[in-house]
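Asker: To be precise about what I am sending: the file is called work31.txt and holds compact mmCIF, N, CA and C atoms.
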# COMPACT_ATOMS: atom_id res chain seq x y z
N MET A 5 -2.53 -19.87 -19.89
CA MET A 5 -3.37 -19.01 -19.05
C MET A 5 -2.45 -18.17 -18.16
N ALA A 6 -2.88 -16.95 -17.90
CA ALA A 6 -2.09 -16.05 -17.05
C ALA A 6 -3.04 -15.30 -16.12
N LEU A 7 -2.46 -14.73 -15.09
CA LEU A 7 -3.21 -13.96 -14.10
C LEU A 7 -2.72 -12.53 -14.09
N ASN A 8 -3.64 -11.58 -14.04
CA ASN A 8 -3.30 -10.18 -13.82
C ASN A 8 -3.46 -9.93 -12.33
N VAL A 9 -2.40 -9.46 -11.71
CA VAL A 9 -2.41 -9.20 -10.27
C VAL A 9 -2.24 -7.70 -10.07
N LYS A 10 -3.18 -7.08 -9.35
CA LYS A 10 -3.16 -5.63 -9.13
C LYS A 10 -3.11 -5.36 -7.63
N LEU A 11 -2.17 -4.49 -7.23
CA LEU A 11 -2.06 -4.09 -5.82
C LEU A 11 -3.10 -3.00 -5.55
N VAL A 12 -4.03 -3.28 -4.63
CA VAL A 12 -5.10 -2.32 -4.35
C VAL A 12 -5.02 -1.71 -2.96
N LYS A 13 -4.16 -2.26 -2.10
CA LYS A 13 -3.97 -1.68 -0.76
C LYS A 13 -2.49 -1.46 -0.52
N SER A 14 -2.20 -0.51 0.34
CA SER A 14 -0.83 -0.10 0.62
C SER A 14 -0.04 -1.20 1.33
N LEU A 15 1.27 -1.17 1.09
CA LEU A 15 2.17 -2.10 1.78
C LEU A 15 2.68 -1.52 3.10
N ASN A 16 2.34 -0.27 3.39
CA ASN A 16 2.78 0.36 4.64
C ASN A 16 2.25 -0.39 5.85
N GLY A 17 3.12 -0.70 6.78
CA GLY A 17 2.72 -1.35 8.02
C GLY A 17 2.49 -2.84 7.89
N ARG A 18 2.78 -3.42 6.74
CA ARG A 18 2.58 -4.86 6.55
C ARG A 18 3.80 -5.62 7.05
N LEU A 19 3.62 -6.91 7.23
CA LEU A 19 4.73 -7.75 7.66
C LEU A 19 5.79 -7.82 6.56
N LYS A 20 7.03 -8.01 6.97
CA LYS A 20 8.14 -8.03 6.01
C LYS A 20 7.96 -9.10 4.95
N ASP A 21 7.43 -10.26 5.34
CA ASP A 21 7.27 -11.32 4.34
C ASP A 21 6.17 -10.99 3.35
N GLN A 22 5.14 -10.24 3.77
CA GLN A 22 4.09 -9.83 2.84
C GLN A 22 4.63 -8.80 1.84
N ILE A 23 5.46 -7.88 2.31
CA ILE A 23 6.07 -6.89 1.42
C ILE A 23 6.98 -7.60 0.43
N ALA A 24 7.77 -8.55 0.90
CA ALA A 24 8.67 -9.30 0.02
C ALA A 24 7.89 -10.09 -1.02
N THR A 25 6.76 -10.65 -0.64
CA THR A 25 5.93 -11.40 -1.58
C THR A 25 5.38 -10.48 -2.66
N ALA A 26 4.90 -9.29 -2.27
CA ALA A 26 4.37 -8.33 -3.24
C ALA A 26 5.47 -7.91 -4.21
N LYS A 27 6.65 -7.64 -3.68
CA LYS A 27 7.76 -7.22 -4.54
C LYS A 27 8.20 -8.34 -5.48
N SER A 28 8.12 -9.58 -5.02
CA SER A 28 8.49 -10.71 -5.88
C SER A 28 7.51 -10.86 -7.04
N LEU A 29 6.29 -10.37 -6.84
CA LEU A 29 5.29 -10.37 -7.92
C LEU A 29 5.41 -9.13 -8.79
N GLY A 30 6.32 -8.22 -8.44
CA GLY A 30 6.53 -7.02 -9.23
C GLY A 30 5.61 -5.88 -8.84
N LEU A 31 5.04 -5.94 -7.65
CA LEU A 31 4.10 -4.91 -7.18
C LEU A 31 4.81 -4.01 -6.18
N ARG A 32 4.89 -2.73 -6.50
CA ARG A 32 5.60 -1.78 -5.64
C ARG A 32 4.65 -0.72 -5.06
N LYS A 33 3.76 -0.19 -5.91
CA LYS A 33 2.87 0.90 -5.50
C LYS A 33 1.42 0.49 -5.74
N ILE A 34 0.51 1.16 -5.06
CA ILE A 34 -0.91 0.92 -5.30
C ILE A 34 -1.20 1.20 -6.77
N GLY A 35 -1.95 0.30 -7.39
CA GLY A 35 -2.30 0.46 -8.80
C GLY A 35 -1.38 -0.30 -9.74
N ASP A 36 -0.24 -0.78 -9.26
CA ASP A 36 0.65 -1.58 -10.11
C ASP A 36 -0.03 -2.88 -10.51
N VAL A 37 0.12 -3.23 -11.80
CA VAL A 37 -0.46 -4.47 -12.32
C VAL A 37 0.64 -5.26 -13.01
N THR A 38 0.69 -6.57 -12.72
CA THR A 38 1.62 -7.44 -13.42
C THR A 38 0.87 -8.66 -13.92
N THR A 39 1.40 -9.25 -14.97
CA THR A 39 0.85 -10.50 -15.50
C THR A 39 1.77 -11.62 -15.06
N GLN A 40 1.19 -12.60 -14.38
CA GLN A 40 1.95 -13.72 -13.84
C GLN A 40 1.42 -15.03 -14.41
N PRO A 41 2.28 -16.05 -14.52
CA PRO A 41 1.80 -17.36 -14.99
C PRO A 41 0.83 -17.96 -13.99
N ASP A 42 -0.12 -18.72 -14.49
CA ASP A 42 -1.13 -19.36 -13.64
C ASP A 42 -0.58 -20.72 -13.19
N ASN A 43 0.24 -20.69 -12.12
CA ASN A 43 0.79 -21.94 -11.59
C ASN A 43 0.70 -21.93 -10.06
N ASP A 44 1.10 -23.03 -9.47
CA ASP A 44 0.97 -23.17 -8.01
C ASP A 44 1.81 -22.16 -7.24
N ALA A 45 2.99 -21.82 -7.76
CA ALA A 45 3.85 -20.86 -7.07
C ALA A 45 3.19 -19.49 -7.01
N THR A 46 2.65 -19.06 -8.14
CA THR A 46 1.97 -17.76 -8.19
C THR A 46 0.74 -17.76 -7.29
N LYS A 47 -0.03 -18.83 -7.33
CA LYS A 47 -1.24 -18.91 -6.51
C LYS A 47 -0.89 -18.86 -5.03
N GLY A 48 0.23 -19.49 -4.64
CA GLY A 48 0.67 -19.45 -3.25
C GLY A 48 1.04 -18.04 -2.81
N LYS A 49 1.74 -17.32 -3.69
CA LYS A 49 2.12 -15.93 -3.39
C LYS A 49 0.87 -15.06 -3.25
N VAL A 50 -0.06 -15.21 -4.20
CA VAL A 50 -1.29 -14.42 -4.17
C VAL A 50 -2.09 -14.74 -2.91
N ASN A 51 -2.14 -16.02 -2.53
CA ASN A 51 -2.88 -16.42 -1.34
C ASN A 51 -2.31 -15.77 -0.08
N LYS A 52 -1.00 -15.57 -0.05
CA LYS A 52 -0.34 -14.96 1.12
C LYS A 52 -0.72 -13.49 1.28
N ILE A 53 -1.00 -12.80 0.16
CA ILE A 53 -1.34 -11.37 0.23
C ILE A 53 -2.70 -11.10 -0.42
N PHE A 54 -3.61 -12.07 -0.31
CA PHE A 54 -4.92 -11.96 -0.95
C PHE A 54 -5.70 -10.72 -0.53
N HIS A 55 -5.47 -10.24 0.68
CA HIS A 55 -6.19 -9.08 1.20
C HIS A 55 -5.65 -7.76 0.65
N LEU A 56 -4.53 -7.81 -0.09
CA LEU A 56 -3.92 -6.60 -0.64
C LEU A 56 -4.07 -6.49 -2.15
N VAL A 57 -4.46 -7.58 -2.80
CA VAL A 57 -4.46 -7.61 -4.26
C VAL A 57 -5.82 -7.98 -4.83
N GLU A 58 -5.95 -7.71 -6.12
CA GLU A 58 -7.11 -8.07 -6.92
C GLU A 58 -6.58 -8.93 -8.07
N VAL A 59 -7.17 -10.08 -8.30
CA VAL A 59 -6.68 -10.98 -9.33
C VAL A 59 -7.75 -11.21 -10.39
N THR A 60 -7.34 -11.09 -11.66
CA THR A 60 -8.23 -11.39 -12.78
C THR A 60 -7.48 -12.28 -13.76
N GLU A 61 -8.22 -13.01 -14.57
CA GLU A 61 -7.59 -13.85 -15.58
C GLU A 61 -7.27 -13.01 -16.80
N ALA A 62 -6.09 -13.23 -17.35
CA ALA A 62 -5.67 -12.48 -18.53
C ALA A 62 -6.06 -13.21 -19.79
Now that the file is in, can you turn its structure into structure tokens?

Answerer:
Amino acid sequence: MALNVKLVKSLNGRLKDQIATAKSLGLRKIGDVTTQPDNDATKGKVNKIFHLVEVTEA
């Protein structure tokens, strides 16, 4: 199982750790989509920036 993570809100003005988390998921610009493994590490990252992303199952 995998998760599609899409950045739907800007990273401008966000905390440095939130920007770093988005970049670690491969999200740089609004509209970027990456496929990530469905594991605890990914879920923790998504939970940290849940207000900036949209998650769907791949």

Asker: Extract, using all atoms listed in the file, all DNA, RNA and protein residues at most 8 Å from Val59 (chain A), discarding same-chain residues fewer than 5 positions from it, and format them as JSON, numbers by chain.

Answerer: {"A": [7, 8, 9, 10, 11, 54]}

Asker: Could you check how far CA of Leu56 (chain A) sits from atom N of Ser14 (chain A), in Å to one decimal?

Answerer: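 Atom-to-atom, CA of Leu56 (chain A) and atom N of Ser14 (chain A) are spaced 6.4 Å apart.
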
Asker: Write out as CSV a residue-level contact list of region 31-62 of chain A versus region 19-26 of chain A with cut-off 9 Å: for each qualifying residue the closest pair of atoms and the distance in Å to one decimal, counting only C-alpha atoms, rows sorted by chain and residue number upward.

Answerer:
residue,atom,partner,partner_atom,distance
A:Leu31,CA,A:Ala26,CA,5.2
A:Arg32,CA,A:Ala26,CA,7.1
A:Lys49,CA,A:Thr25,CA,6.2
A:Val50,CA,A:Thr25,CA,8.2
A:Lys52,CA,A:Gln22,CA,7.0
A:Ile53,CA,A:Gln22,CA,6.2
A:Leu56,CA,A:Ala26,CA,8.9
A:Val57,CA,A:Ala26,CA,8.9

Asker: Set up a box along x, y and z of the file covering all listed atoms of region 7-23 of chain A, add 4 Å on every one of the six sides, and write the centre and edge lengths in Å to one decimal, as AutoDock Vina command-line options.

Answerer:
--center_x 1.5 --center_y -7.2 --center_z -3.5 --size_x 21.2 --size_y 23.1 --size_z 31.1

Asker: Give me, please, the distance in Å between atom C of Arg18 (chain A) and atom C of Ala6 (chain A), quoted to one decimal.

Answerer: 26.0 Å

Asker: Run DSSP on the backbone and grab whatever in chain A lands in strand (DSSP E or B); send it over as an NGL selection string.

Answerer: :A and (6-11 or 37-41 or 57-61)

Asker: Which of these residues is nearest to Lys33 (chain A), using only C-alpha atoms: A:Ala45, A:Met5, A:Val12, A:Ala62?

Answerer: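 Nearest to Lys33 (chain A): A:Val12.
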
Asker: What is the distance between CA of Leu15 (chain A) and CA of Gln40 (chain A), in Å to one decimal?

Answerer: 19.5 Å

Asker: Using DSSP assignments from the backbone, pull out every residue in chain A that falls under alpha helix (DSSP H) and give it to me as a list in words.

Answerer: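 Here is the list: Lys20, Asp21, Gln22, Ile23, Ala24, Thr25, Ala26, Lys27, Ser28, Asp44, Ala45, Thr46, Lys47, Gly48, Lys49, Val50, Asn51 and Lys52 of chain A.
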